[in-house]
file structure.txt (compact mmCIF, C-alpha atoms and all ligand atoms)
# COMPACT_ATOMS: atom_id res chain seq x y z
CA MET C 849 52.97 -41.39 61.64
CA ALA C 850 53.03 -38.77 58.87
CA GLU C 851 50.86 -35.71 59.33
CA VAL C 852 48.24 -34.78 56.74
CA LEU C 853 47.08 -31.18 56.48
CA VAL C 854 43.33 -30.71 56.16
CA TYR C 855 42.04 -27.30 55.09
CA VAL C 856 38.92 -26.49 57.12
CA ASP C 857 35.86 -25.04 55.39
CA HIS C 858 33.73 -23.38 58.08
CA VAL C 859 31.28 -20.55 58.52
CA ASP C 860 32.01 -18.55 61.68
CA GLY C 861 33.24 -21.68 63.45
CA ALA C 862 30.57 -24.08 62.13
CA VAL C 863 32.53 -26.77 60.25
CA ARG C 864 30.97 -27.84 56.97
CA LYS C 865 30.40 -31.54 56.32
CA PRO C 866 32.94 -31.97 53.45
CA THR C 867 35.74 -31.09 55.91
CA LEU C 868 34.66 -33.88 58.27
CA GLU C 869 34.70 -36.24 55.27
CA LEU C 870 38.26 -35.10 54.54
CA LEU C 871 39.24 -36.06 58.09
CA THR C 872 37.97 -39.60 57.46
CA LEU C 873 40.16 -39.81 54.34
CA ALA C 874 43.15 -38.12 56.01
CA ARG C 875 43.14 -40.79 58.72
CA ARG C 876 43.70 -43.44 56.04
CA ILE C 877 47.04 -41.88 55.10
CA GLY C 878 48.28 -40.30 58.31
CA GLU C 879 47.44 -38.10 61.30
CA PRO C 880 45.11 -35.22 60.40
CA VAL C 881 46.29 -31.72 61.27
CA ALA C 882 43.49 -29.23 60.59
CA VAL C 883 44.04 -25.64 59.44
CA ALA C 884 41.17 -23.30 60.40
CA LEU C 885 41.29 -19.66 59.35
CA GLY C 886 39.23 -16.54 59.87
CA ASN C 887 36.39 -15.54 62.14
CA GLY C 888 35.48 -18.36 64.55
CA ALA C 889 38.50 -20.51 63.64
CA ALA C 890 39.22 -21.46 67.27
CA GLY C 891 35.59 -22.55 67.67
CA THR C 892 36.09 -25.35 65.13
CA ALA C 893 38.49 -27.29 67.36
CA THR C 894 35.99 -29.37 69.34
CA VAL C 895 34.23 -30.88 66.34
CA LEU C 896 37.51 -31.36 64.46
CA ALA C 897 38.98 -33.21 67.45
CA GLU C 898 35.88 -35.43 67.62
CA HIS C 899 36.54 -36.45 64.02
CA GLY C 900 40.23 -37.22 64.27
CA ALA C 901 42.25 -33.99 64.17
CA VAL C 902 45.32 -34.46 66.35
CA LYS C 903 46.13 -30.79 66.04
CA VAL C 904 44.19 -27.70 64.96
CA LEU C 905 46.23 -24.77 63.64
CA THR C 906 44.20 -21.57 63.82
CA HIS C 907 44.64 -17.99 62.70
CA GLU C 908 42.04 -15.25 62.82
CA ALA C 909 42.45 -12.08 60.76
CA SER C 910 40.08 -9.81 58.86
CA GLU C 911 42.07 -10.39 55.65
CA TYR C 912 40.44 -13.82 55.17
CA ALA C 913 37.01 -12.23 54.73
CA ASP C 914 38.05 -8.94 53.18
CA TYR C 915 40.18 -10.30 50.32
CA LEU C 916 39.96 -13.23 47.91
CA VAL C 917 41.95 -16.44 48.30
CA VAL C 918 45.59 -15.31 48.62
CA PRO C 919 45.55 -14.71 52.41
CA LYS C 920 44.26 -18.27 52.81
CA VAL C 921 47.01 -19.61 50.54
CA ASP C 922 49.61 -17.69 52.59
CA ALA C 923 48.28 -19.30 55.77
CA LEU C 924 48.08 -22.80 54.31
CA GLN C 925 51.65 -22.42 53.10
CA ALA C 926 52.71 -21.32 56.60
CA ALA C 927 51.06 -24.47 57.98
CA TYR C 928 52.73 -26.54 55.27
CA ASN C 929 56.15 -25.15 56.20
CA SER C 930 55.64 -25.77 59.90
CA VAL C 931 54.32 -29.34 59.55
CA SER C 932 56.06 -30.78 56.43
CA PRO C 933 53.00 -32.94 55.76
CA ALA C 934 52.70 -36.16 53.75
CA ALA C 935 49.72 -34.67 51.87
CA VAL C 936 47.42 -31.64 51.86
CA LEU C 937 43.66 -32.18 51.50
CA VAL C 938 41.25 -29.41 50.53
CA PRO C 939 37.48 -29.55 49.89
CA SER C 940 36.69 -29.45 46.16
CA SER C 941 34.76 -26.18 46.02
CA ALA C 942 35.70 -23.55 43.42
CA GLU C 943 37.58 -21.69 46.15
CA GLY C 944 39.17 -24.89 47.47
CA LYS C 945 40.49 -25.80 44.04
CA GLU C 946 42.01 -22.35 43.60
CA ILE C 947 43.67 -22.53 47.01
CA ALA C 948 45.01 -26.02 46.26
CA ALA C 949 46.36 -25.04 42.85
CA ARG C 950 48.10 -21.93 44.17
CA LEU C 951 49.65 -23.85 47.06
CA ALA C 952 50.86 -26.62 44.74
CA VAL C 953 52.54 -24.08 42.45
CA ARG C 954 54.19 -22.36 45.40
CA VAL C 955 55.62 -25.53 46.92
CA GLY C 956 56.43 -27.19 43.60
CA SER C 957 54.05 -30.12 44.01
CA GLY C 958 51.60 -31.95 41.83
CA VAL C 959 47.90 -31.38 42.40
CA ILE C 960 44.91 -33.70 41.91
CA THR C 961 41.45 -32.13 41.83
CA ASP C 962 37.95 -33.54 42.31
CA ALA C 963 39.03 -36.85 43.82
CA THR C 964 36.13 -39.10 44.77
CA ASP C 965 38.15 -41.45 46.99
CA LEU C 966 41.57 -41.72 48.56
CA GLU C 967 43.62 -44.66 49.78
CA ALA C 968 47.10 -45.12 51.14
CA GLY C 969 49.72 -46.29 48.63
CA ASP C 970 53.35 -47.36 48.88
CA SER C 971 54.54 -44.20 47.12
CA GLY C 972 51.92 -41.80 48.46
CA PRO C 973 48.14 -41.50 48.51
CA ILE C 974 46.20 -42.79 45.51
CA ALA C 975 43.24 -40.70 44.40
CA THR C 976 40.22 -41.93 42.47
CA GLN C 977 38.78 -39.53 39.90
CA SER C 978 35.96 -39.70 37.43
CA ALA C 979 37.05 -38.62 33.92
CA PHE C 980 35.61 -37.84 30.47
CA ALA C 981 32.06 -37.09 31.59
CA ALA C 982 32.25 -39.95 34.07
CA SER C 983 32.95 -42.51 31.32
CA PHE C 984 36.13 -43.62 33.09
CA THR C 985 37.26 -44.03 36.66
CA THR C 986 40.97 -43.32 37.08
CA LYS C 987 43.43 -43.81 39.92
CA SER C 988 46.27 -41.31 40.15
CA ARG C 989 49.18 -40.53 42.35
CA VAL C 990 51.19 -37.31 42.57
CA SER C 991 54.76 -38.07 41.47
CA LYS C 992 56.37 -34.73 42.34
CA GLY C 993 56.52 -33.08 45.74
CA THR C 994 53.85 -33.35 48.44
CA PRO C 995 50.45 -34.35 47.02
CA VAL C 996 47.88 -31.56 47.17
CA ILE C 997 44.47 -33.14 46.64
CA THR C 998 40.97 -31.67 46.49
CA VAL C 999 38.14 -34.07 47.31
CA LYS C 1000 34.53 -33.80 46.21
CA PRO C 1001 31.78 -33.61 48.85
CA ASN C 1002 30.13 -36.93 49.77
CA SER C 1003 33.24 -38.95 48.84
CA ALA C 1004 33.64 -40.46 52.31
CA PRO C 1005 31.50 -41.04 55.39
CA VAL C 1006 31.75 -38.74 58.41
CA GLU C 1007 33.15 -40.87 61.23
CA ALA C 1008 33.66 -40.09 64.89
CA ALA C 1009 37.32 -40.73 65.84
CA PRO C 1010 38.19 -38.78 68.97
CA ALA C 1011 41.72 -37.30 68.94
CA ALA C 1012 43.62 -34.69 70.91
CA GLY C 1013 42.73 -31.71 68.73
CA THR C 1014 45.39 -29.58 70.38
CA VAL C 1015 44.86 -25.98 69.33
CA GLU C 1016 47.94 -24.09 68.22
CA ALA C 1017 48.12 -20.54 66.92
CA LEU C 1018 49.54 -20.46 63.42
CA ALA C 1019 52.03 -17.67 62.67
CA VAL C 1020 51.09 -16.11 59.32
CA THR C 1021 52.81 -13.29 57.46
CA PHE C 1022 50.68 -12.14 54.56
CA SER C 1023 52.38 -11.73 51.19
CA GLU C 1024 52.24 -8.55 49.12
CA GLN C 1025 49.67 -10.19 46.82
CA ALA C 1026 47.36 -11.03 49.73
CA THR C 1027 45.51 -7.72 49.60
CA GLY C 1028 45.47 -7.43 45.80
CA THR C 1029 41.76 -8.25 45.30
CA LYS C 1030 39.38 -6.81 47.84
CA VAL C 1031 35.82 -8.00 48.40
CA THR C 1032 33.75 -4.83 48.00
CA ALA C 1033 30.23 -6.15 48.64
CA ARG C 1034 28.40 -9.31 49.69
CA THR C 1035 24.79 -10.22 48.93
CA PRO C 1036 23.52 -13.28 50.79
CA ARG C 1037 21.60 -15.69 48.58
CA ALA C 1038 17.93 -16.06 49.51
CA SER C 1039 17.75 -19.27 51.54
CA THR C 1040 15.45 -22.07 50.43
CA GLY C 1041 16.06 -23.93 53.68
CA ARG C 1042 17.32 -26.87 51.61
CA PRO C 1043 20.89 -28.19 51.71
CA ASP C 1044 23.53 -26.91 49.31
CA LEU C 1045 23.26 -28.80 46.01
CA THR C 1046 26.91 -29.86 45.81
CA GLU C 1047 27.06 -31.01 49.43
CA ALA C 1048 23.64 -32.62 49.83
CA ALA C 1049 23.48 -36.31 50.70
CA ILE C 1050 20.32 -36.62 48.60
CA VAL C 1051 19.47 -34.73 45.38
CA VAL C 1052 16.05 -34.82 43.70
CA SER C 1053 16.15 -33.46 40.15
CA GLY C 1054 13.58 -32.55 37.53
CA GLY C 1055 13.93 -32.30 33.76
CA ARG C 1056 11.89 -31.41 30.72
CA GLY C 1057 9.35 -34.02 31.78
CA VAL C 1058 8.33 -31.75 34.68
CA ASN C 1059 6.76 -29.58 32.00
CA GLY C 1060 6.55 -26.17 33.64
CA ALA C 1061 7.92 -24.04 36.48
CA GLU C 1062 4.75 -24.47 38.51
CA ASN C 1063 5.11 -28.27 38.40
CA PHE C 1064 8.48 -28.14 40.15
CA THR C 1065 6.50 -28.07 43.41
CA VAL C 1066 6.12 -31.85 42.87
CA ILE C 1067 9.93 -32.21 42.80
CA GLU C 1068 10.37 -29.85 45.76
CA ALA C 1069 7.84 -31.77 47.84
CA LEU C 1070 9.74 -35.03 47.32
CA ALA C 1071 13.03 -33.25 48.08
CA ASP C 1072 11.60 -31.80 51.30
CA SER C 1073 10.27 -35.17 52.44
CA LEU C 1074 13.85 -36.47 52.21
CA GLY C 1075 15.72 -33.36 53.38
CA ALA C 1076 17.24 -33.20 49.90
CA ALA C 1077 18.51 -30.51 47.55
CA VAL C 1078 16.71 -29.82 44.26
CA GLY C 1079 18.53 -30.17 40.95
CA ALA C 1080 17.43 -29.59 37.36
CA SER C 1081 18.49 -30.58 33.87
CA ARG C 1082 19.62 -27.92 31.45
CA ALA C 1083 16.41 -28.32 29.47
CA ALA C 1084 14.41 -27.35 32.58
CA VAL C 1085 16.77 -24.48 33.36
CA ASP C 1086 16.84 -23.17 29.78
CA ALA C 1087 13.04 -23.20 29.77
CA GLY C 1088 13.18 -20.88 32.79
CA TRP C 1089 11.49 -23.39 35.10
CA TYR C 1090 14.29 -23.50 37.67
CA PRO C 1091 17.35 -21.31 38.46
CA HIS C 1092 20.63 -21.94 36.69
CA SER C 1093 22.32 -22.33 40.07
CA ASN C 1094 20.44 -25.66 40.37
CA GLN C 1095 21.57 -27.08 37.02
CA VAL C 1096 23.32 -30.43 37.27
CA GLY C 1097 25.74 -31.48 34.55
CA GLN C 1098 28.72 -30.62 32.43
CA THR C 1099 27.88 -26.91 32.33
CA GLY C 1100 26.19 -26.92 35.72
CA LYS C 1101 27.06 -28.31 39.13
CA SER C 1102 28.74 -31.61 39.69
CA VAL C 1103 27.06 -33.62 42.45
CA SER C 1104 28.00 -36.88 44.10
CA PRO C 1105 25.28 -37.61 46.68
CA GLN C 1106 24.42 -40.88 48.38
CA LEU C 1107 21.12 -40.85 46.50
CA TYR C 1108 20.18 -39.09 43.22
CA ILE C 1109 16.58 -39.21 42.00
CA ALA C 1110 16.13 -38.10 38.36
CA ASN C 1111 12.56 -37.30 37.35
CA GLY C 1112 11.61 -36.69 33.72
CA ILE C 1113 15.27 -36.57 32.71
CA SER C 1114 16.41 -38.55 29.66
CA GLY C 1115 20.03 -39.03 30.77
CA ALA C 1116 22.01 -37.12 28.13
CA ILE C 1117 25.78 -37.49 28.46
CA GLN C 1118 26.11 -33.85 29.58
CA HIS C 1119 23.65 -34.44 32.42
CA ARG C 1120 25.31 -37.71 33.42
CA ALA C 1121 28.66 -35.91 33.62
CA GLY C 1122 27.38 -34.06 36.66
CA MET C 1123 25.74 -36.90 38.59
CA GLN C 1124 27.17 -40.23 37.47
CA THR C 1125 29.33 -40.63 40.58
CA SER C 1126 26.22 -40.58 42.81
CA LYS C 1127 26.20 -43.68 45.01
CA THR C 1128 22.62 -44.81 44.30
CA ILE C 1129 20.73 -43.53 41.27
CA VAL C 1130 16.96 -43.75 40.85
CA ALA C 1131 15.04 -42.55 37.79
CA VAL C 1132 11.38 -42.00 37.07
CA ASN C 1133 10.68 -41.73 33.34
CA LYS C 1134 7.67 -42.68 31.25
CA ASP C 1135 9.89 -43.89 28.38
CA ALA C 1136 11.30 -47.36 29.13
CA GLU C 1137 13.97 -46.75 26.47
CA ALA C 1138 15.32 -43.54 28.07
CA PRO C 1139 19.14 -43.72 28.33
CA ILE C 1140 19.00 -42.79 32.03
CA PHE C 1141 17.84 -46.37 32.70
CA ASP C 1142 21.28 -47.63 31.56
CA LEU C 1143 22.91 -46.22 34.67
CA VAL C 1144 20.27 -46.45 37.38
CA ASP C 1145 20.23 -48.73 40.40
CA TYR C 1146 16.43 -48.51 40.51
CA GLY C 1147 14.18 -47.36 37.69
CA VAL C 1148 10.47 -46.65 37.61
CA VAL C 1149 8.81 -46.57 34.19
CA GLY C 1150 5.87 -44.28 34.74
CA ASP C 1151 4.46 -40.78 34.67
CA LEU C 1152 6.27 -38.70 37.27
CA PHE C 1153 3.02 -36.95 38.16
CA ASP C 1154 1.64 -40.34 39.27
CA VAL C 1155 4.81 -41.75 40.81
CA VAL C 1156 6.45 -38.82 42.60
CA PRO C 1157 3.46 -37.65 44.71
CA GLN C 1158 2.85 -41.27 45.82
CA LEU C 1159 6.50 -41.62 46.77
CA THR C 1160 6.41 -38.34 48.69
CA GLU C 1161 3.27 -39.37 50.52
CA GLU C 1162 4.70 -42.77 51.43
CA ILE C 1163 7.92 -41.21 52.76
CA ASN C 1164 6.00 -38.65 54.80
CA THR C 1165 3.75 -41.39 56.21
CA ARG C 1166 6.70 -43.55 57.21
CA LYS C 1167 8.40 -40.56 58.81
CA GLY C 1168 5.21 -39.66 60.60
C1 LIG B 1201 27.79 -28.21 25.47
C2 LIG B 1201 26.57 -28.74 26.17
C3 LIG B 1201 26.50 -28.69 27.53
C4 LIG B 1201 25.38 -29.19 28.20
N1 LIG B 1201 25.33 -29.15 29.57
C5 LIG B 1201 24.29 -29.72 30.22
C6 LIG B 1201 24.24 -29.76 31.63
O1 LIG B 1201 25.12 -29.26 32.33
N2 LIG B 1201 23.18 -30.38 32.21
C7 LIG B 1201 22.15 -30.95 31.49
O2 LIG B 1201 21.22 -31.49 32.11
N3 LIG B 1201 22.18 -30.90 30.16
C8 LIG B 1201 23.20 -30.28 29.50
N4 LIG B 1201 23.17 -30.22 28.14
C9 LIG B 1201 21.95 -30.58 27.43
C10 LIG B 1201 21.76 -32.07 27.22
O3 LIG B 1201 22.37 -32.45 26.01
C11 LIG B 1201 20.27 -32.43 27.15
O4 LIG B 1201 19.67 -31.67 26.12
C12 LIG B 1201 19.50 -32.18 28.44
O5 LIG B 1201 20.18 -32.78 29.52
C13 LIG B 1201 18.11 -32.76 28.32
O6 LIG B 1201 17.37 -32.48 29.48
P1 LIG B 1201 16.18 -33.43 29.90
O7 LIG B 1201 16.68 -34.80 30.12
O8 LIG B 1201 15.46 -32.75 31.01
O9 LIG B 1201 15.23 -33.34 28.63
P2 LIG B 1201 14.89 -34.43 27.51
O10 LIG B 1201 16.11 -35.01 26.91
O11 LIG B 1201 13.90 -33.80 26.61
O12 LIG B 1201 14.21 -35.60 28.35
C14 LIG B 1201 12.99 -35.46 29.00
C15 LIG B 1201 12.61 -36.83 29.52
O13 LIG B 1201 11.45 -36.71 30.31
C16 LIG B 1201 10.65 -37.85 30.08
N5 LIG B 1201 9.27 -37.45 30.42
C17 LIG B 1201 8.48 -36.59 29.78
N6 LIG B 1201 7.31 -36.42 30.47
C18 LIG B 1201 7.39 -37.25 31.54
C19 LIG B 1201 6.51 -37.54 32.61
N7 LIG B 1201 5.32 -36.94 32.73
N8 LIG B 1201 6.89 -38.45 33.53
C20 LIG B 1201 8.09 -39.08 33.44
N9 LIG B 1201 8.97 -38.83 32.44
C21 LIG B 1201 8.62 -37.92 31.51
C22 LIG B 1201 10.84 -38.19 28.61
O14 LIG B 1201 10.57 -39.57 28.38
C23 LIG B 1201 12.33 -37.85 28.44
O15 LIG B 1201 13.14 -39.00 28.66
C24 LIG B 1201 24.29 -29.72 27.46
C25 LIG B 1201 24.38 -29.75 26.08
C26 LIG B 1201 25.48 -29.27 25.42
C27 LIG B 1201 25.54 -29.34 23.92
call {"tool": "encode", "arguments": {"input": "structure.txt", "output": "structure tokens", "more": "lines below"}}
Ligand SMILES: Cc1cc2nc3c(=O)[nH]c(=O)nc-3n(C[C@H](O)[C@H](O)[C@H](O)COP(=O)(O)OP(=O)(O)OC[C@H]3O[C@@H](n4cnc5c(N)ncnc54)[C@H](O)[C@@H]3O)c2cc1C
result
Amino acid sequence: MAEVLVYVDHVDGAVRKPTLELLTLARRIGEPVAVALGNGAAGTATVLAEHGAVKVLTHEASEYADYLVVPKVDALQAAYNSVSPAAVLVPSSAEGKEIAARLAVRVGSGVITDATDLEAGDSGPIATQSAFAASFTTKSRVSKGTPVITVKPNSAPVEAAPAAGTVEALAVTFSEQATGTKVTARTPRASTGRPDLTEAAIVVSGGRGVNGAENFTVIEALADSLGAAVGASRAAVDAGWYPHSNQVGQTGKSVSPQLYIANGISGAIQHRAGMQTSKTIVAVNKDAEAPIFDLVDYGVVGDLFDVVPQLTEEINTRKG
């Protein structure tokens, strides 16, 4: 069976969920071979094997942390040359997309970014994408070279599928460009304790209807009852009620959770562009004519200050 390279996103050996989702998709088109780089790379092997990696290629070097993406591209290319894979899958983060694009250029292949699903096809894997502010769903296939595909978080379930997970050291020679851009400082973001917005399985968002920074506690309480991330519309962000890093939409983050709850958000096309691929969409809005109701699975016409606290309380009670 053809091997499929899966680029591993991990933090000091702790594998992030989107990589485990990639393993699920990789198994549909071949045998997953994981590539783990940097500090703690060898420590990723157990969990990768549990989720289907037949092989784990590892390489630890300070260059991966000290410089921007080129060392990682050098290593992925080394893995590519040693495996001759049927496809290369990379998580769709900003860094992942840069790595994928650089690799595709180097090996002369086509690249597909931000896929939301992947299936086996007669002439190579077929990727589903959401286009034109999520107005269209497209299916595409790379027609030149080995497909390099980035996949959005939450596009596939994490599934246990025990495999050998044989660890092999990857031989990497860094290119001249690898040390061209050095990381000179790092400032950790203050942690909210909530999941990362783009990776969260549930996102609870607030818009202009929240009517003030102080009222976002209502949104946060619902998010915390569900273990969700908090999102915001641009109107709420522009008003200074919530940080820009939490903005969902065309000029904010693109999210694709299992559940998206929009509160006091009208559903402008630019907001929809960032959340329309969510699996289940719920909206709370006091205007029954709000365009958000055109795309919801469940809608509540009501004042969010009545509805959301009741919902939070009910969830907390049932959890209790
Ligand atoms: C180039 C460009 C890029 C953009 N990028 C983005 C983007 O990335 N993300 C984004 O979100 N927007 C973006 N916008 C802005 C977008 O067009 C909308 O203006 C914005 O999404 C509106 O935010 P909103 O839904 O919170 O506010 P509004 O459209 O004002 O809607 C507020 C809603 O809250 C409801 N409401 C009010 N009070 C309550 C209450 N107490 N209980 C329940 N419901 C209530 C109202 O009925 C209304 O439907 C962009 C615009 C442009 C031009």
call {"tool": "atom_distance", "arguments": {"input": "structure.txt", "atom1": "atom CA of C:Gly1055", "atom2": "atom CA of C:Ala1076"}}
result
16.5 Å
call {"tool": "residues_around", "arguments": {"input": "structure.txt", "residues": "C:Thr1032", "least_positions_apart": "4", "cutoff": "12 Å", "atoms": "only C-alpha atoms", "output": "short mmCIF file (atom, residue, chain, number, x, y, z; two decimals) with C-alpha atoms, in the coordinates of the input"}}
result
data_model
loop_
_atom_site.label_atom_id
_atom_site.label_comp_id
_atom_site.auth_asym_id
_atom_site.auth_seq_id
_atom_site.Cartn_x
_atom_site.Cartn_y
_atom_site.Cartn_z
CA ALA C 913 37.01 -12.23 54.73
CA ASP C 914 38.05 -8.94 53.18
CA TYR C 915 40.18 -10.30 50.32
CA LEU C 916 39.96 -13.23 47.91
#
call {"tool": "residues_around", "arguments": {"input": "structure.txt", "residues": "stretch 1160-1162 of chain C", "least_positions_apart": "4", "cutoff": "12 Å", "atoms": "all atoms listed in the file", "output": "VMD selection string"}}
result
chain C and resid 1052 1065 to 1075 1152 to 1156 1166 to 1168
call {"tool": "write_last_selection", "arguments": {"input": "structure.txt", "atoms": "C-alpha atoms", "output": "mmCIF file, keeping the file's coordinate frame"}}
result
data_model
loop_
_atom_site.group_PDB
_atom_site.id
_atom_site.type_symbol
_atom_site.label_atom_id
_atom_site.label_comp_id
_atom_site.auth_asym_id
_atom_site.auth_seq_id
_atom_site.Cartn_x
_atom_site.Cartn_y
_atom_site.Cartn_z
ATOM 1 C CA VAL C 1052 16.050 -34.820 43.700
ATOM 2 C CA THR C 1065 6.500 -28.070 43.410
ATOM 3 C CA VAL C 1066 6.120 -31.850 42.870
ATOM 4 C CA ILE C 1067 9.930 -32.210 42.800
ATOM 5 C CA GLU C 1068 10.370 -29.850 45.760
ATOM 6 C CA ALA C 1069 7.840 -31.770 47.840
ATOM 7 C CA LEU C 1070 9.740 -35.030 47.320
ATOM 8 C CA ALA C 1071 13.030 -33.250 48.080
ATOM 9 C CA ASP C 1072 11.600 -31.800 51.300
ATOM 10 C CA SER C 1073 10.270 -35.170 52.440
ATOM 11 C CA LEU C 1074 13.850 -36.470 52.210
ATOM 12 C CA GLY C 1075 15.720 -33.360 53.380
ATOM 13 C CA LEU C 1152 6.270 -38.700 37.270
ATOM 14 C CA PHE C 1153 3.020 -36.950 38.160
ATOM 15 C CA ASP C 1154 1.640 -40.340 39.270
ATOM 16 C CA VAL C 1155 4.810 -41.750 40.810
ATOM 17 C CA VAL C 1156 6.450 -38.820 42.600
ATOM 18 C CA ARG C 1166 6.700 -43.550 57.210
ATOM 19 C CA LYS C 1167 8.400 -40.560 58.810
ATOM 20 C CA GLY C 1168 5.210 -39.660 60.600
#
call {"tool": "residues_near_ligand", "arguments": {"input": "structure.txt", "ligand": "ligand LIG 1201 (chain B)", "cutoff": "6 Å", "atoms": "all atoms listed in the file", "output": "list in words"}}
result
Gly1055, Arg1056, Gly1057, Ser1081, Arg1082, Ala1083, Ala1084, Val1096, Gly1097, Gln1098, Thr1099, Gly1100, Gly1112, Ile1113, Ser1114, Gly1115, Ala1116, Gln1118, His1119, Val1132, Asn1133, Lys1134, Asp1135, Ala1138, Gly1150, Asp1151, Leu1152 and Phe1153 of chain C
call {"tool": "residues_around", "arguments": {"input": "structure.txt", "residues": "stretch 956-967 of chain C", "least_positions_apart": "4", "cutoff": "6 Å", "atoms": "all atoms listed in the file", "output": "PyMOL selection string"}}
result
chain C and resi 940+952+973-977+990+992-1000+1003
call {"tool": "atom_distance", "arguments": {"input": "structure.txt", "atom1": "atom CA of C:Thr1021", "atom2": "atom CA of C:Arg954"}}
result
15.2 Å
call {"tool": "residues_around", "arguments": {"input": "structure.txt", "residues": "C:Ala1009", "least_positions_apart": "5", "cutoff": "7 Å", "atoms": "all atoms listed in the file", "output": "PyMOL selection string"}}
result
chain C and resi 898-900
call {"tool": "closest_atom_pairs", "arguments": {"input": "structure.txt", "of": "stretch 1090-1152 of chain C", "to": "stretch 1037-1049 of chain C", "cutoff": "6 Å", "atoms": "only C-alpha atoms", "output": "JSON lines"}}
result
{"residue": "C:Val1103", "atom": "CA", "partner": "C:Thr1046", "partner_atom": "CA", "distance": 5.0}
{"residue": "C:Pro1105", "atom": "CA", "partner": "C:Ala1049", "partner_atom": "CA", "distance": 4.6}
{"residue": "C:Gln1106", "atom": "CA", "partner": "C:Ala1049", "partner_atom": "CA", "distance": 5.2}
call {"tool": "closest_residue", "arguments": {"input": "structure.txt", "among": "C:Leu896, C:Val1006, C:Ala981, C:Val1130", "to": "C:Ser1053", "atoms": "only C-alpha atoms"}}
result
C:Val1130
call {"tool": "residues_around", "arguments": {"input": "structure.txt", "residues": "stretch 862-876 of chain C", "least_positions_apart": "2", "cutoff": "7 Å", "atoms": "all atoms listed in the file", "output": "list in words"}}
result
Val852, Val854, Val856, Asp857, His858, Val859, Asp860, Gly878, Glu879, Pro880, Thr892, His899, Gly900, Leu937, Pro939, Leu966, Glu967, Ala968, Pro1001, Asn1002, Ala1004, Pro1005, Val1006 and Glu1007 of chain C
call {"tool": "write_last_selection", "arguments": {"input": "structure.txt", "atoms": "C-alpha atoms", "output": "PDB file, in the coordinates of the input"}}
result
ATOM      1  CA  VAL C 852      48.240 -34.780  56.740  1.00  0.00           C
ATOM      2  CA  VAL C 854      43.330 -30.710  56.160  1.00  0.00           C
ATOM      3  CA  VAL C 856      38.920 -26.490  57.120  1.00  0.00           C
ATOM      4  CA  ASP C 857      35.860 -25.040  55.390  1.00  0.00           C
ATOM      5  CA  HIS C 858      33.730 -23.380  58.080  1.00  0.00           C
ATOM      6  CA  VAL C 859      31.280 -20.550  58.520  1.00  0.00           C
ATOM      7  CA  ASP C 860      32.010 -18.550  61.680  1.00  0.00           C
ATOM      8  CA  GLY C 878      48.280 -40.300  58.310  1.00  0.00           C
ATOM      9  CA  GLU C 879      47.440 -38.100  61.300  1.00  0.00           C
ATOM     10  CA  PRO C 880      45.110 -35.220  60.400  1.00  0.00           C
ATOM     11  CA  THR C 892      36.090 -25.350  65.130  1.00  0.00           C
ATOM     12  CA  HIS C 899      36.540 -36.450  64.020  1.00  0.00           C
ATOM     13  CA  GLY C 900      40.230 -37.220  64.270  1.00  0.00           C
ATOM     14  CA  LEU C 937      43.660 -32.180  51.500  1.00  0.00           C
ATOM     15  CA  PRO C 939      37.480 -29.550  49.890  1.00  0.00           C
ATOM     16  CA  LEU C 966      41.570 -41.720  48.560  1.00  0.00           C
ATOM     17  CA  GLU C 967      43.620 -44.660  49.780  1.00  0.00           C
ATOM     18  CA  ALA C 968      47.100 -45.120  51.140  1.00  0.00           C
ATOM     19  CA  PRO C1001      31.780 -33.610  48.850  1.00  0.00           C
ATOM     20  CA  ASN C1002      30.130 -36.930  49.770  1.00  0.00           C
ATOM     21  CA  ALA C1004      33.640 -40.460  52.310  1.00  0.00           C
ATOM     22  CA  PRO C1005      31.500 -41.040  55.390  1.00  0.00           C
ATOM     23  CA  VAL C1006      31.750 -38.740  58.410  1.00  0.00           C
ATOM     24  CA  GLU C1007      33.150 -40.870  61.230  1.00  0.00           C
TER      25      GLU C1007
END
call {"tool": "closest_residue", "arguments": {"input": "structure.txt", "among": "C:Thr1014, C:Thr1125, C:Asn1111, C:Asn1059", "to": "C:Val1148", "atoms": "all atoms listed in the file"}}
result
C:Asn1111
call {"tool": "closest_residue", "arguments": {"input": "structure.txt", "among": "C:Glu851, C:Glu1016, C:Asp1142, C:Glu1062", "to": "C:Ser932", "atoms": "all atoms listed in the file"}}
result
C:Glu851
call {"tool": "closest_residue", "arguments": {"input": "structure.txt", "among": "C:Asn1094, C:Thr1165, C:Ser971, C:Ser930", "to": "C:Leu905", "atoms": "only C-alpha atoms"}}
result
C:Ser930
call {"tool": "atom_distance", "arguments": {"input": "structure.txt", "atom1": "atom CA of C:Leu1107", "atom2": "atom CA of C:Leu1143"}}
result
13.1 Å
